[in-house]
Every structure is written in structure tokens, then in C-alpha cells.
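This is data.cif (mmCIF, C-alpha atoms).
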data_coords
#
loop_
_atom_site.label_atom_id
_atom_site.label_comp_id
_atom_site.auth_asym_id
_atom_site.auth_seq_id
_atom_site.Cartn_x
_atom_site.Cartn_y
_atom_site.Cartn_z
CA MET A 18 -23.62 -10.93 -17.99
CA ILE A 19 -20.00 -11.26 -19.04
CA SER A 20 -18.97 -14.82 -19.92
CA PRO A 21 -16.64 -16.67 -17.54
CA LEU A 22 -13.99 -16.96 -20.25
CA VAL A 23 -13.85 -13.18 -20.69
CA LEU A 24 -13.61 -12.75 -16.91
CA VAL A 25 -10.70 -15.23 -16.73
CA ILE A 26 -8.88 -13.50 -19.58
CA ALA A 27 -9.45 -10.06 -18.05
CA THR A 28 -8.17 -11.28 -14.68
CA VAL A 29 -5.08 -12.90 -16.19
CA VAL A 30 -4.30 -9.79 -18.28
CA LEU A 31 -4.62 -7.58 -15.19
CA GLY A 32 -2.42 -10.00 -13.24
CA ALA A 33 0.21 -10.17 -16.00
CA GLY A 34 0.30 -6.39 -16.41
CA THR A 35 0.59 -5.89 -12.67
CA PHE A 36 3.40 -8.42 -12.50
CA ALA A 37 5.22 -6.65 -15.34
CA PHE A 38 4.99 -3.38 -13.37
CA ARG A 39 6.31 -5.10 -10.25
CA PHE A 40 9.09 -6.96 -12.02
CA ALA A 41 10.46 -4.02 -14.04
CA GLY A 42 12.35 -2.48 -11.12
CA PRO A 43 14.02 -5.64 -9.76
CA ALA A 44 14.85 -6.87 -13.27
CA LEU A 45 16.52 -3.62 -14.34
CA ARG A 46 18.24 -3.14 -11.01
CA SER A 47 20.00 -6.49 -11.32
CA ARG A 48 21.73 -5.28 -14.49
CA VAL A 49 23.04 -1.94 -13.34
CA THR A 50 24.81 -0.69 -10.26
CA LEU A 51 23.19 2.43 -8.91
CA SER A 52 24.95 5.32 -7.28
CA ASP A 53 24.05 6.21 -3.70
CA ARG A 54 22.38 9.35 -4.94
CA VAL A 55 20.08 7.50 -7.35
CA GLU A 56 19.41 4.93 -4.64
CA HIS A 57 18.38 7.71 -2.26
CA LEU A 58 16.19 9.34 -4.91
CA MET A 59 14.32 6.10 -5.50
CA ALA A 60 13.72 5.60 -1.80
CA THR A 61 12.45 9.20 -1.70
CA ALA A 62 10.13 8.43 -4.62
CA ALA A 63 8.65 5.47 -2.72
CA VAL A 64 8.13 7.60 0.38
CA VAL A 65 6.43 10.30 -1.73
CA LEU A 66 4.13 7.68 -3.28
CA LEU A 67 3.24 6.23 0.11
CA ALA A 68 2.61 9.71 1.54
CA ALA A 69 0.33 10.51 -1.39
CA LEU A 70 -1.48 7.19 -0.84
CA VAL A 71 -1.94 8.02 2.85
CA ALA A 72 -3.38 11.45 2.05
CA THR A 73 -5.70 10.35 -0.75
CA SER A 74 -6.94 7.22 1.00
CA ALA A 75 -7.43 9.09 4.28
CA LEU A 76 -9.31 12.06 2.86
CA LEU A 77 -10.99 10.91 -0.33
CA ALA A 78 -13.37 8.19 -1.48
CA ASP A 79 -14.05 8.00 -5.22
CA GLY A 80 -12.57 11.46 -5.72
CA GLU A 81 -14.81 13.08 -3.12
CA PHE A 82 -14.37 13.95 0.53
CA ALA A 83 -14.50 10.73 2.54
CA GLY A 84 -16.46 12.18 5.46
CA VAL A 85 -15.23 12.93 8.97
CA ALA A 86 -14.76 9.56 10.66
CA ARG A 87 -11.98 8.20 8.44
CA PRO A 88 -9.76 11.32 8.35
CA ALA A 89 -10.28 11.73 12.11
CA GLY A 90 -9.17 8.14 12.70
CA VAL A 91 -6.08 8.55 10.53
CA ALA A 92 -5.26 11.85 12.26
CA VAL A 93 -5.45 10.23 15.71
CA GLY A 94 -3.17 7.45 14.43
CA GLY A 95 -0.82 10.03 12.93
CA VAL A 96 -0.50 12.01 16.18
CA LEU A 97 0.16 8.82 18.14
CA ALA A 98 2.79 7.71 15.61
CA TRP A 99 4.45 11.13 15.77
CA ARG A 100 4.43 10.82 19.59
CA LYS A 101 6.28 7.50 19.09
CA ALA A 102 3.40 5.40 20.39
CA PRO A 103 3.64 1.64 19.67
CA PHE A 104 2.57 0.68 16.16
CA VAL A 105 -0.26 -1.54 17.43
CA LEU A 106 -1.72 1.36 19.42
CA VAL A 107 -1.50 3.64 16.36
CA VAL A 108 -3.44 1.21 14.17
CA VAL A 109 -6.03 0.19 16.76
CA ALA A 110 -6.65 3.80 17.82
CA ALA A 111 -7.15 4.87 14.20
CA ALA A 112 -9.68 2.08 13.60
CA ALA A 113 -11.41 2.59 16.97
CA THR A 114 -11.75 6.35 16.41
CA ALA A 115 -13.32 5.90 12.99
CA ALA A 116 -15.57 3.06 14.17
CA GLY A 117 -16.57 4.96 17.32
CA LEU A 118 -17.44 8.11 15.41
CA ARG A 119 -19.57 6.09 12.99
CA LEU A 120 -21.32 4.44 15.92
CA LEU A 121 -22.22 7.95 17.10
CA GLY A 122 -23.65 8.70 13.67
CA VAL A 123 -20.74 10.75 12.30
CA PRO A 124 -20.29 9.89 8.59
CA MET B 19 9.74 -20.94 12.66
CA TRP B 20 8.14 -18.37 14.92
CA ARG B 21 11.27 -18.32 17.09
CA THR B 22 13.52 -17.83 14.05
CA LEU B 23 11.39 -14.93 12.88
CA THR B 24 11.40 -13.40 16.35
CA THR B 25 15.19 -13.43 16.49
CA ARG B 26 15.54 -11.98 13.00
CA LEU B 27 12.88 -9.31 13.29
CA GLY B 28 12.55 -8.72 17.00
CA PRO B 29 9.24 -9.38 18.80
CA GLY B 30 7.99 -5.84 18.19
CA LEU B 31 8.30 -5.84 14.43
CA LEU B 32 6.88 -9.34 14.13
CA ARG B 33 3.84 -8.36 16.20
CA ASP B 34 3.32 -5.28 13.99
CA ILE B 35 3.44 -7.40 10.85
CA VAL B 36 1.02 -9.96 12.31
CA LEU B 37 -1.43 -7.16 13.15
CA VAL B 38 -1.36 -5.81 9.59
CA CYS B 39 -1.77 -9.32 8.18
CA ALA B 40 -4.82 -9.94 10.39
CA ALA B 41 -6.41 -6.65 9.34
CA ASP B 42 -5.65 -7.48 5.71
CA GLY B 43 -7.37 -10.84 6.13
CA LEU B 44 -10.54 -9.06 7.26
CA VAL B 45 -10.46 -6.78 4.23
CA GLY B 46 -9.88 -9.86 2.06
CA ALA B 47 -12.97 -11.48 3.58
CA SER B 48 -14.99 -8.39 2.75
CA PHE B 49 -13.61 -8.44 -0.80
CA GLY B 50 -14.71 -12.06 -1.25
CA ALA B 51 -18.14 -11.39 0.24
CA ILE B 52 -18.77 -8.19 -1.74
CA THR B 53 -17.68 -9.76 -5.03
CA VAL B 54 -19.87 -12.84 -4.67
CA GLY B 55 -22.68 -10.74 -3.18
CA SER B 56 -22.74 -8.55 -6.28
CA GLY B 57 -23.59 -11.60 -8.40
CA LEU B 58 -20.13 -12.47 -9.72
CA PRO B 59 -18.91 -16.09 -9.72
CA LEU B 60 -17.40 -17.64 -6.59
CA TRP B 61 -14.03 -18.28 -8.22
CA LEU B 62 -13.47 -14.72 -9.43
CA PRO B 63 -12.36 -13.11 -6.13
CA MET B 64 -10.06 -16.07 -5.43
CA LEU B 65 -8.45 -16.01 -8.87
CA LEU B 66 -8.02 -12.22 -8.70
CA SER B 67 -6.42 -12.40 -5.27
CA LEU B 68 -3.93 -15.05 -6.38
CA VAL B 69 -2.85 -13.54 -9.70
CA VAL B 70 -3.30 -9.79 -9.07
CA PHE B 71 -2.76 -9.57 -5.29
CA ALA B 72 -3.40 -5.84 -5.02
CA GLY B 73 -6.43 -4.86 -2.96
CA ALA B 74 -7.24 -1.45 -4.41
CA ALA B 75 -7.02 -2.67 -8.02
CA GLN B 76 -9.12 -5.75 -7.22
CA PHE B 77 -11.89 -3.67 -5.63
CA MET B 78 -11.76 -1.31 -8.62
CA PHE B 79 -11.91 -4.16 -11.15
CA VAL B 80 -14.79 -5.96 -9.44
CA GLY B 81 -16.70 -2.72 -8.87
CA LEU B 82 -16.55 -1.85 -12.57
CA ILE B 83 -17.46 -5.37 -13.74
CA ALA B 84 -20.32 -5.71 -11.25
CA SER B 85 -21.83 -2.40 -12.36
CA GLY B 86 -21.92 -3.62 -15.94
CA GLY B 87 -18.69 -2.01 -17.06
CA ASN B 88 -16.61 -3.10 -20.03
CA PRO B 89 -13.97 -5.71 -19.03
CA ILE B 90 -11.28 -3.89 -21.02
CA ALA B 91 -12.03 -0.68 -19.15
CA ALA B 92 -11.91 -2.61 -15.86
CA VAL B 93 -8.48 -4.06 -16.73
CA LEU B 94 -7.13 -0.64 -17.73
CA ALA B 95 -8.48 0.95 -14.54
CA GLY B 96 -6.83 -1.78 -12.48
CA LEU B 97 -3.53 -1.35 -14.31
CA LEU B 98 -3.59 2.41 -13.71
CA VAL B 99 -4.08 1.83 -9.98
CA ASN B 100 -1.18 -0.65 -10.01
CA ALA B 101 1.27 1.46 -12.02
CA ARG B 102 2.80 2.76 -8.78
CA HIS B 103 4.48 -0.64 -8.42
CA VAL B 104 7.03 0.39 -11.05
CA PRO B 105 8.70 3.04 -8.84
CA PHE B 106 8.18 0.80 -5.79
CA GLY B 107 10.15 -1.93 -7.55
CA PHE B 108 13.05 0.41 -8.17
CA ALA B 109 13.05 1.49 -4.53
CA VAL B 110 12.96 -1.93 -2.85
CA GLY B 111 14.09 -4.19 -5.72
CA ASP B 112 17.35 -4.92 -3.93
CA VAL B 113 15.71 -6.73 -1.01
CA PHE B 114 14.51 -9.69 -3.05
CA GLY B 115 17.94 -11.28 -3.30
CA ARG B 116 19.54 -12.94 -6.30
CA GLY B 117 18.08 -15.42 -8.72
CA LEU B 118 15.15 -15.15 -11.08
CA VAL B 119 12.72 -17.08 -8.88
CA ARG B 120 13.39 -14.97 -5.79
CA ARG B 121 13.05 -11.79 -7.80
CA ALA B 122 9.82 -12.96 -9.43
CA VAL B 123 8.23 -14.12 -6.17
CA GLY B 124 9.44 -11.00 -4.37
CA ALA B 125 8.00 -8.82 -7.11
CA HIS B 126 4.60 -10.50 -6.79
CA LEU B 127 4.60 -9.95 -3.02
CA MET B 128 5.38 -6.24 -3.42
CA ILE B 129 2.43 -4.16 -2.23
CA ASP B 130 2.07 -0.90 -0.31
CA GLU B 131 2.44 -2.49 3.12
CA THR B 132 5.47 -4.66 2.29
CA VAL B 133 7.22 -1.68 0.68
CA ALA B 134 6.47 0.50 3.69
CA PHE B 135 7.69 -2.14 6.17
CA ALA B 136 10.88 -2.67 4.17
CA LEU B 137 11.64 1.05 3.81
CA ALA B 138 11.14 1.59 7.54
CA GLN B 139 14.05 -0.77 8.42
CA GLN B 140 17.54 0.60 8.69
CA ASP B 141 19.91 -2.26 7.90
CA ALA B 142 19.74 -4.51 4.83
CA GLU B 143 19.29 -7.82 6.69
CA ARG B 144 16.31 -6.56 8.70
CA ARG B 145 14.85 -4.95 5.62
CA ARG B 146 14.96 -8.24 3.77
CA ALA B 147 13.46 -10.19 6.70
CA ALA B 148 10.68 -7.62 7.13
CA PHE B 149 9.83 -7.66 3.42
CA TRP B 150 9.60 -11.43 3.10
CA THR B 151 7.78 -11.99 6.39
CA CYS B 152 5.24 -9.28 5.62
CA GLY B 153 4.90 -10.37 1.98
CA VAL B 154 4.31 -14.07 2.67
CA GLY B 155 2.08 -13.30 5.67
CA LEU B 156 -0.07 -10.86 3.72
CA PHE B 157 -0.36 -13.19 0.73
CA VAL B 158 -1.58 -16.05 2.92
CA CYS B 159 -3.93 -13.92 5.06
CA TRP B 160 -5.36 -12.05 2.07
CA ASN B 161 -6.14 -15.20 0.12
CA VAL B 162 -7.48 -17.12 3.11
CA GLY B 163 -9.65 -14.12 3.94
CA VAL B 164 -10.97 -13.91 0.39
CA VAL B 165 -11.91 -17.63 0.35
CA ALA B 166 -13.63 -17.30 3.74
CA GLY B 167 -15.53 -14.20 2.61
CA ALA B 168 -16.52 -15.71 -0.72
CA PHE B 169 -18.01 -18.78 0.96
CA GLY B 170 -19.13 -17.13 4.20
CA GLY B 171 -21.16 -14.40 2.58
CA THR B 172 -21.87 -10.94 3.90
CA VAL B 173 -20.91 -11.41 7.55
CA ILE B 174 -18.02 -8.95 7.26
CA SER B 175 -18.96 -7.03 4.14
CA ASP B 176 -18.71 -3.63 5.82
CA THR B 177 -15.17 -3.22 7.14
CA ASP B 178 -15.81 0.53 7.51
CA ALA B 179 -17.89 -0.29 10.59
CA PHE B 180 -14.68 -1.56 12.21
CA GLY B 181 -12.75 1.50 11.07
CA LEU B 182 -10.43 -0.57 8.87
CA ASP B 183 -10.60 2.12 6.19
CA ALA B 184 -8.83 4.39 8.68
CA ALA B 185 -6.46 1.68 9.91
CA PHE B 186 -4.69 1.15 6.60
CA PRO B 187 -3.71 4.78 5.94
CA ALA B 188 -2.57 4.89 9.58
CA VAL B 189 -0.37 1.81 9.01
CA LEU B 190 1.37 3.44 6.05
CA LEU B 191 1.61 6.79 7.84
CA ALA B 192 3.26 5.25 10.90
CA LEU B 193 5.77 3.42 8.71
CA VAL B 194 6.57 6.43 6.54
CA LEU B 195 6.87 8.97 9.35
CA PRO B 196 10.53 8.21 10.27
CA SER B 197 11.59 8.79 6.64
CA LEU B 198 10.08 12.26 6.82
CA LYS B 199 12.70 13.37 9.34
CA ASP B 200 14.89 14.06 6.32
CA ARG B 201 14.16 17.62 5.22
CA SER B 202 14.31 17.13 1.45
CA THR B 203 12.20 13.93 1.66
CA ARG B 204 9.64 15.81 3.75
CA LEU B 205 9.47 18.63 1.22
CA ALA B 206 9.12 16.16 -1.66
CA ALA B 207 6.34 14.31 0.18
CA ALA B 208 4.52 17.54 1.02
CA VAL B 209 4.56 18.67 -2.61
CA GLY B 210 3.49 15.18 -3.75
CA VAL B 211 0.58 15.11 -1.30
CA VAL B 212 -0.68 18.49 -2.49
CA ILE B 213 -0.47 17.41 -6.14
CA ALA B 214 -2.26 14.11 -5.47
CA LEU B 215 -5.06 15.73 -3.47
CA ALA B 216 -5.53 18.55 -5.97
CA THR B 217 -5.72 16.26 -9.00
CA SER B 218 -7.78 13.44 -7.43
CA PRO B 219 -11.21 14.91 -8.27
CA LEU B 220 -10.21 15.34 -11.92
CA LEU B 221 -8.27 12.21 -12.85
CA PRO B 222 -8.88 8.43 -12.79
CA ALA B 223 -7.75 6.54 -9.69
CA GLY B 224 -4.04 5.77 -9.65
CA VAL B 225 -2.94 8.74 -11.73
CA PRO B 226 -2.92 11.38 -8.95
CA VAL B 227 -0.60 9.23 -6.83
CA LEU B 228 1.77 8.86 -9.80
CA LEU B 229 1.71 12.63 -10.40
CA ALA B 230 2.80 13.03 -6.77
CA LEU B 231 6.19 11.76 -7.93
CA ALA B 232 6.76 15.27 -9.31
CA GLY B 233 7.46 16.10 -5.68
CA VAL B 234 10.74 14.22 -6.02
CA LEU B 235 11.88 16.88 -8.49
CA VAL B 236 11.70 19.39 -5.66
CA ALA B 237 14.10 17.32 -3.60
CA LEU B 238 16.27 16.93 -6.70
CA GLY B 239 16.27 20.64 -7.44
CA GLY B 240 17.76 21.25 -4.03
CA THR B 241 15.73 24.24 -2.89
CA PRO B 242 15.77 23.53 0.82
CA ASP B 243 14.46 26.98 1.69
CA GLY B 244 11.80 27.05 -0.98
CA PRO B 245 8.18 27.85 -0.23
CA ARG B 246 6.24 25.17 1.54
CA ASP B 247 2.51 24.73 1.67
CA PRO B 248 1.42 24.58 5.30
CA ALA B 249 -1.84 22.92 4.24
CA SER B 250 -0.05 19.77 3.21
CA ALA B 251 -1.03 17.86 6.34
CA PRO B 252 -0.91 15.19 7.71
CA GLN B 253 2.80 14.87 6.96
CA SER B 254 3.62 18.47 7.86
CA ARG B 255 2.78 17.65 11.45
CA SER B 256 6.12 15.90 11.79
CA GLU B 257 7.91 19.18 11.15
CA ASP B 258 7.23 20.20 14.70
CA ALA B 259 9.15 17.19 15.90
CA THR B 260 12.47 18.22 14.45
#

Rendering of file as C-alpha cells:
Amino acid sequence: MISPLVLVIATVVLGAGTFAFRFAGPALRSRVTLSDRVEHLMATAAVVLLAALVATSALLADGEFAGVARPAGVAVGGVLAWRKAPFVLVVVAAAATAAGLRLLGVP
Amino acid sequence: MWRTLTTRLGPGLLRDIVLVCAADGLVGASFGAITVGSGLPLWLPMLLSLVVFAGAAQFMFVGLIASGGNPIAAVLAGLLVNARHVPFGFAVGDVFGRGLVRRAVGAHLMIDETVAFALAQQDAERRRAAFWTCGVGLFVCWNVGVVAGAFGGTVISDTDAFGLDAAFPAVLLALVLPSLKDRSTRLAAAVGVVIALATSPLLPAGVPVLLALAGVLVALGGTPDGPRDPASAPQSRSEDAT
């Protein structure tokens, strides 16, 4: 078993590294004025990252196909969102679809 | 305070944020329960949630440690998963406001959901209000959930049974969808999604999502009529809307 001290150090190092990642953007941005074009590109980059997160977390678990229930739930949520359904309905329908399918034995 | 928030955000947006915070609290409870249930000390999930505050990296870290992995490897894996916060910081770094403390606190509260909620708002004032409300709400709910789960045990260890694993991608998808009305953004996202999905089986977690950033180059290159992969769902669905 790993000693508590090692666990604390590992946690603090992970926290410090994560904070450095998070702080880099705001810290650098405060020093320079960005053109509208660069501003737009960075917003695009964030959207691309989020889209990639949606796709990978919806379809994959540990690098393999996540089964049917989760992608089906996300797809139902996606269609509702595209149809401009209320956000709450989108989220609840996605969860209910996945949970319902699992209740029926669908992986 | 509730009334102030309602006027600044509108009842709809506030309700949406509360829903995501509640769901996040449940996942936090499962994180606490799973961590303690796998034989790790009671304080570990709480300390992780306070100082790291990034769900995916925390689950990754604890999973590796609990299965007898090397702590250095666990830290590196967690850092890889969190590297996406660098571009996020550049995208929403202006909403934190001035002053070192505000920037530092804002940076710590920056996670997928807060970034998505901020990006989905049109004007700067609303963007700022959405970011801070979502950030503080998520931080409180996540940590309270983790403490409850760590002490309460395995009552809610399986959030998949509630479909929460489908709820979170749906949250981000709903928030990102309006941004995809822009043709070049949509193309960049489609390319990024294909890259991330194609490289996921081969690379450690976190890296495929970073590689998706190559999609931005497509938007930069300005080839609006370039080839598009129709298999890049679910985002491509929004193309029908325009």
C-alpha cells in the first residue's frame, strides 16, 4: 500500500499542475490584447475541444465502445437540443433513456 | 442572493445551472464512495476534489492508484487528462475579471461545464455571471457530494444506473450546439471529433481530445467547401438545421 505521505504529495502535484494549466491562459491574456480574429479562433478551439469530449465520452469507455445505452441517451438529448427543447428536458431525457435501456438489459 | 442571480441570469439559465450542479453532486458522491470502497483513505477523495477539482482526472488518478499503479504514473495520467484546460483558459480567460485573486479563483473553477456555460452566453456580462454561478455552484456541490459519498459508502456508487454517464455529454452537447451554427466552427468541430474518435483506442486518455484541436487548422485554412466526413456525428446533425 502506498504511504499517506506519497498520496498527499501526488495529490498536491496533480493539483498544482492542473492549476498551472488553468492559470496559463488567464495570466497570459492579461498581458496582451488579442485581435478579434485570435479571440474567435480561441473560442473555436474551446468548442472543438468540447465537441471532441462529447463524442469520446458518449461513445467510448476506456478506449472501447461504451455500449448502446449511453450513446443512445446522448443521441436522444442531442436531437432534443437540436429541436430547441428546454435544457432540463435534454439532460433528463438523455439520462432516462440510458437508464431505461439498462433497466431493459441493454448494455 | 437567489433573487439577484435570477435577475442577472434569468430564471431559465439559473435552473439549468442548478440541474447540472445537482447531477455533479451525485457523481461526486459516487467518486467519494468508489474511492473509499476501493480501500483508499477517507481523506483522499476530499483532498483531491478540493485541490484538483476535475472529475475525469480524479477518477483516473484514483483508478490507477487503487489498482496498484505507480503514483507518478497516476499523476502524469491525471495531468494529461487536464491539459485541455490550457486552451480553455485562453478561450474564457477574459471572464474572470481583473486582479490576481479573481483570476486565480476563476482559473481553479474552470472545468468543462463552466467553460461550456460561459461560451453559450452572448454578451460579456451574462457570460461572466454564468461562469461564476456555475463555477461556485459546481465546486460546492462536487465537494459536498464527495464528502457525503466518502462517509455514506456505496449507496450511489453506480451512477450509470441513473444514466448520468449519458447526461453529462448531453449537457455539453446542448451548450455547444448553438456555436456550431457557424460553418467554419462546425467544420473544425467535425474534423476534431473524427480525429479524437480515431485516435482514442491508440493513445492515453486526454491526448485524443487535444489532437482534436488540429480541427481548428481547418477553420484557419479557410476551405469552406472542403470535403466533410458525414460520419462525424453527433455534431453533423445540426447541419440540417441551417

Task: Evaluate the PyMOL selection byres ((chain B and resi 26-30) around 12) and report residues as a PyMOL selection string - done: (chain A and resi 103-105) or (chain B and resi 19-25+31-37+135-136+139-152)

Open item on the list: Need the shell around Arg87 in chain A: protein/DNA/RNA residues with any atom at most 9 Å away, counting all atoms listed in the file. Skip same-chain ones fewer than 2 positions apart. Format as number ranges by chain?
Closed with: A: 75-76, 83-85, 89-92, 111-112, 114-116, 118, 124; B: 178, 181-185

TODO: Would you work out the distance separating CA of Leu228 in chain B from CA of Phe49 in chain B, expressed in Å to one decimal?
DONE: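 These two atoms are separated by 24.8 Å.
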
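Each of B:Ala223, B:Ala101, B:Leu65, B:Ala188 was checked against Ala98 in chain A using only C-alpha atoms; the smallest atom-to-atom distance is that of B:Ala188.
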
TODO: For the file shown, report as a ChimeraX atom specification the outcome of the PyMOL selection byres ((chain A and resi 35) around 10) at residue level.
DONE: /A:29-34,36-40 /B:69-72,75,96-104,125-126

- [ ] Could you give me, as a VMD selection string, the residues within 7 Å of range 66-73 of chain A, counting all atoms listed in the file and dropping anything in the same chain fewer than 3 positions from it?
- [x] (chain A and resid 62 to 63 76 to 77) or (chain B and resid 187 190 to 191 207 210 to 211 214 to 215 227 230 to 231)

Could you give me the axis-aligned bounding box of range 92-95 of chain B, with 5 Å of padding per side, as centre plus edge lengths in Å to one decimal, as AutoDock Vina command-line options?
--center_x -9.5 --center_y -1.6 --center_z -16.1 --size_x 14.8 --size_y 15.0 --size_z 13.2

TODO: Would you mind reading off the distance between CA of Gly95 in chain A and CA of Ala179 in chain B, one decimal, in Å?
DONE: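 Going from CA of Gly95 in chain A over to CA of Ala179 in chain B covers 20.1 Å.
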
Open item on the list: Nearest residue to chain A out of B:Ala122, B:Ala41, B:Cys159, B:Ile52, using all atoms listed in the file?
Closed with: B:Ala122

Open item on the list: Can you measure CA of Val123 in chain B to CA of Ala60 in chain A for me? One decimal in Å is fine.
Closed with: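 Distance reported for this atom pair: 20.9 Å.
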
- [ ] Name the residues that the PyMOL selection byres ((chain B and resi 77) around 12) pulls out of this structure, and write them as a ChimeraX atom specification.
- [x] /A:79 /B:45-46,48-53,56,62-63,66-67,70-76,78-84,92-93,95-96,99-100,164,223

Can you write out the residues you just picked, keeping C-alpha atoms, as a PDB file, in the coordinates of the input?
ATOM      1  CA  ASP A  79     -14.050   8.000  -5.220  1.00  0.00           C
TER       2      ASP A  79
ATOM      3  CA  VAL B  45     -10.460  -6.780   4.230  1.00  0.00           C
ATOM      4  CA  GLY B  46      -9.880  -9.860   2.060  1.00  0.00           C
ATOM      5  CA  SER B  48     -14.990  -8.390   2.750  1.00  0.00           C
ATOM      6  CA  PHE B  49     -13.610  -8.440  -0.800  1.00  0.00           C
ATOM      7  CA  GLY B  50     -14.710 -12.060  -1.250  1.00  0.00           C
ATOM      8  CA  ALA B  51     -18.140 -11.390   0.240  1.00  0.00           C
ATOM      9  CA  ILE B  52     -18.770  -8.190  -1.740  1.00  0.00           C
ATOM     10  CA  THR B  53     -17.680  -9.760  -5.030  1.00  0.00           C
ATOM     11  CA  SER B  56     -22.740  -8.550  -6.280  1.00  0.00           C
ATOM     12  CA  LEU B  62     -13.470 -14.720  -9.430  1.00  0.00           C
ATOM     13  CA  PRO B  63     -12.360 -13.110  -6.130  1.00  0.00           C
ATOM     14  CA  LEU B  66      -8.020 -12.220  -8.700  1.00  0.00           C
ATOM     15  CA  SER B  67      -6.420 -12.400  -5.270  1.00  0.00           C
ATOM     16  CA  VAL B  70      -3.300  -9.790  -9.070  1.00  0.00           C
ATOM     17  CA  PHE B  71      -2.760  -9.570  -5.290  1.00  0.00           C
ATOM     18  CA  ALA B  72      -3.400  -5.840  -5.020  1.00  0.00           C
ATOM     19  CA  GLY B  73      -6.430  -4.860  -2.960  1.00  0.00           C
ATOM     20  CA  ALA B  74      -7.240  -1.450  -4.410  1.00  0.00           C
ATOM     21  CA  ALA B  75      -7.020  -2.670  -8.020  1.00  0.00           C
ATOM     22  CA  GLN B  76      -9.120  -5.750  -7.220  1.00  0.00           C
ATOM     23  CA  MET B  78     -11.760  -1.310  -8.620  1.00  0.00           C
ATOM     24  CA  PHE B  79     -11.910  -4.160 -11.150  1.00  0.00           C
ATOM     25  CA  VAL B  80     -14.790  -5.960  -9.440  1.00  0.00           C
ATOM     26  CA  GLY B  81     -16.700  -2.720  -8.870  1.00  0.00           C
ATOM     27  CA  LEU B  82     -16.550  -1.850 -12.570  1.00  0.00           C
ATOM     28  CA  ILE B  83     -17.460  -5.370 -13.740  1.00  0.00           C
ATOM     29  CA  ALA B  84     -20.320  -5.710 -11.250  1.00  0.00           C
ATOM     30  CA  ALA B  92     -11.910  -2.610 -15.860  1.00  0.00           C
ATOM     31  CA  VAL B  93      -8.480  -4.060 -16.730  1.00  0.00           C
ATOM     32  CA  ALA B  95      -8.480   0.950 -14.540  1.00  0.00           C
ATOM     33  CA  GLY B  96      -6.830  -1.780 -12.480  1.00  0.00           C
ATOM     34  CA  VAL B  99      -4.080   1.830  -9.980  1.00  0.00           C
ATOM     35  CA  ASN B 100      -1.180  -0.650 -10.010  1.00  0.00           C
ATOM     36  CA  VAL B 164     -10.970 -13.910   0.390  1.00  0.00           C
ATOM     37  CA  ALA B 223      -7.750   6.540  -9.690  1.00  0.00           C
TER      38      ALA B 223
END

TODO: Counting only C-alpha atoms, select every polymer residue within 8 Å of (8.7, 1.8, 2.1) as defined in the file's coordinates, and provide the selection as a PyMOL selection string.
DONE: (chain A and resi 60+63-64+67) or (chain B and resi 106+109-110+130-138+193-194)

Store the residues picked out above, limited to C-alpha atoms, as a compact mmCIF listing (two decimals), in the coordinates of the input.
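Result written to again-v3.txt:
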# COMPACT_ATOMS: atom_id res chain seq x y z
CA ALA A 60 13.72 5.60 -1.80
CA ALA A 63 8.65 5.47 -2.72
CA VAL A 64 8.13 7.60 0.38
CA LEU A 67 3.24 6.23 0.11
CA PHE B 106 8.18 0.80 -5.79
CA ALA B 109 13.05 1.49 -4.53
CA VAL B 110 12.96 -1.93 -2.85
CA ASP B 130 2.07 -0.90 -0.31
CA GLU B 131 2.44 -2.49 3.12
CA THR B 132 5.47 -4.66 2.29
CA VAL B 133 7.22 -1.68 0.68
CA ALA B 134 6.47 0.50 3.69
CA PHE B 135 7.69 -2.14 6.17
CA ALA B 136 10.88 -2.67 4.17
CA LEU B 137 11.64 1.05 3.81
CA ALA B 138 11.14 1.59 7.54
CA LEU B 193 5.77 3.42 8.71
CA VAL B 194 6.57 6.43 6.54

Task: Close residues, Leu127 in chain B itself excluded, 8 Å, only C-alpha atoms, min 6 positions apart in chain, as JSON, numbers by chain - done: {"B": [71, 153, 154, 157]}

Task: Selected residue, from B:Phe186, B:Trp160, B:Phe108, B:Trp61, that lies nearest to chain A when counting all atoms listed in the file - done: B:Phe108

- [ ] Name the closest residue to Val212 in chain B among the candidates A:Gly80, A:Trp99, A:Val65, A:Val107; distances are taken between atoms, counting all atoms listed in the file.
- [x]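 Among the listed residues, the smallest separation from Val212 in chain B belongs to A:Val65.
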
Would you kindly place N, CA and C atoms on range 215-227 of chain B and return the model as an mmCIF file, in the coordinates of the input?
data_model
loop_
_atom_site.group_PDB
_atom_site.id
_atom_site.type_symbol
_atom_site.label_atom_id
_atom_site.label_comp_id
_atom_site.auth_asym_id
_atom_site.auth_seq_id
_atom_site.Cartn_x
_atom_site.Cartn_y
_atom_site.Cartn_z
ATOM 1 N N LEU B 215 -3.747 15.311 -3.955
ATOM 2 C CA LEU B 215 -5.060 15.730 -3.470
ATOM 3 C C LEU B 215 -5.744 16.667 -4.462
ATOM 4 N N ALA B 216 -4.949 17.563 -5.061
ATOM 5 C CA ALA B 216 -5.530 18.550 -5.970
ATOM 6 C C ALA B 216 -6.017 17.907 -7.266
ATOM 7 N N THR B 217 -5.353 16.852 -7.711
ATOM 8 C CA THR B 217 -5.720 16.260 -9.000
ATOM 9 C C THR B 217 -6.701 15.098 -8.858
ATOM 10 N N SER B 218 -6.899 14.602 -7.635
ATOM 11 C CA SER B 218 -7.780 13.440 -7.430
ATOM 12 C C SER B 218 -9.205 13.616 -7.964
ATOM 13 N N PRO B 219 -9.841 14.790 -7.765
ATOM 14 C CA PRO B 219 -11.210 14.910 -8.270
ATOM 15 C C PRO B 219 -11.289 14.896 -9.798
ATOM 16 N N LEU B 220 -10.178 15.160 -10.467
ATOM 17 C CA LEU B 220 -10.210 15.340 -11.920
ATOM 18 C C LEU B 220 -9.765 14.105 -12.698
ATOM 19 N N LEU B 221 -8.925 13.272 -12.094
ATOM 20 C CA LEU B 221 -8.270 12.210 -12.850
ATOM 21 C C LEU B 221 -8.686 10.832 -12.361
ATOM 22 N N PRO B 222 -8.540 9.785 -13.231
ATOM 23 C CA PRO B 222 -8.880 8.430 -12.790
ATOM 24 C C PRO B 222 -7.972 7.953 -11.667
ATOM 25 N N ALA B 223 -8.498 7.041 -10.839
ATOM 26 C CA ALA B 223 -7.750 6.540 -9.690
ATOM 27 C C ALA B 223 -6.398 5.981 -10.129
ATOM 28 N N GLY B 224 -5.385 6.251 -9.347
ATOM 29 C CA GLY B 224 -4.040 5.770 -9.650
ATOM 30 C C GLY B 224 -3.159 6.863 -10.224
ATOM 31 N N VAL B 225 -3.738 7.699 -11.082
ATOM 32 C CA VAL B 225 -2.940 8.740 -11.730
ATOM 33 C C VAL B 225 -2.482 9.834 -10.752
ATOM 34 N N PRO B 226 -3.376 10.325 -9.875
ATOM 35 C CA PRO B 226 -2.920 11.380 -8.950
ATOM 36 C C PRO B 226 -1.718 10.968 -8.108
ATOM 37 N N VAL B 227 -1.715 9.714 -7.650
ATOM 38 C CA VAL B 227 -0.600 9.230 -6.830
ATOM 39 C C VAL B 227 0.701 9.220 -7.657
#
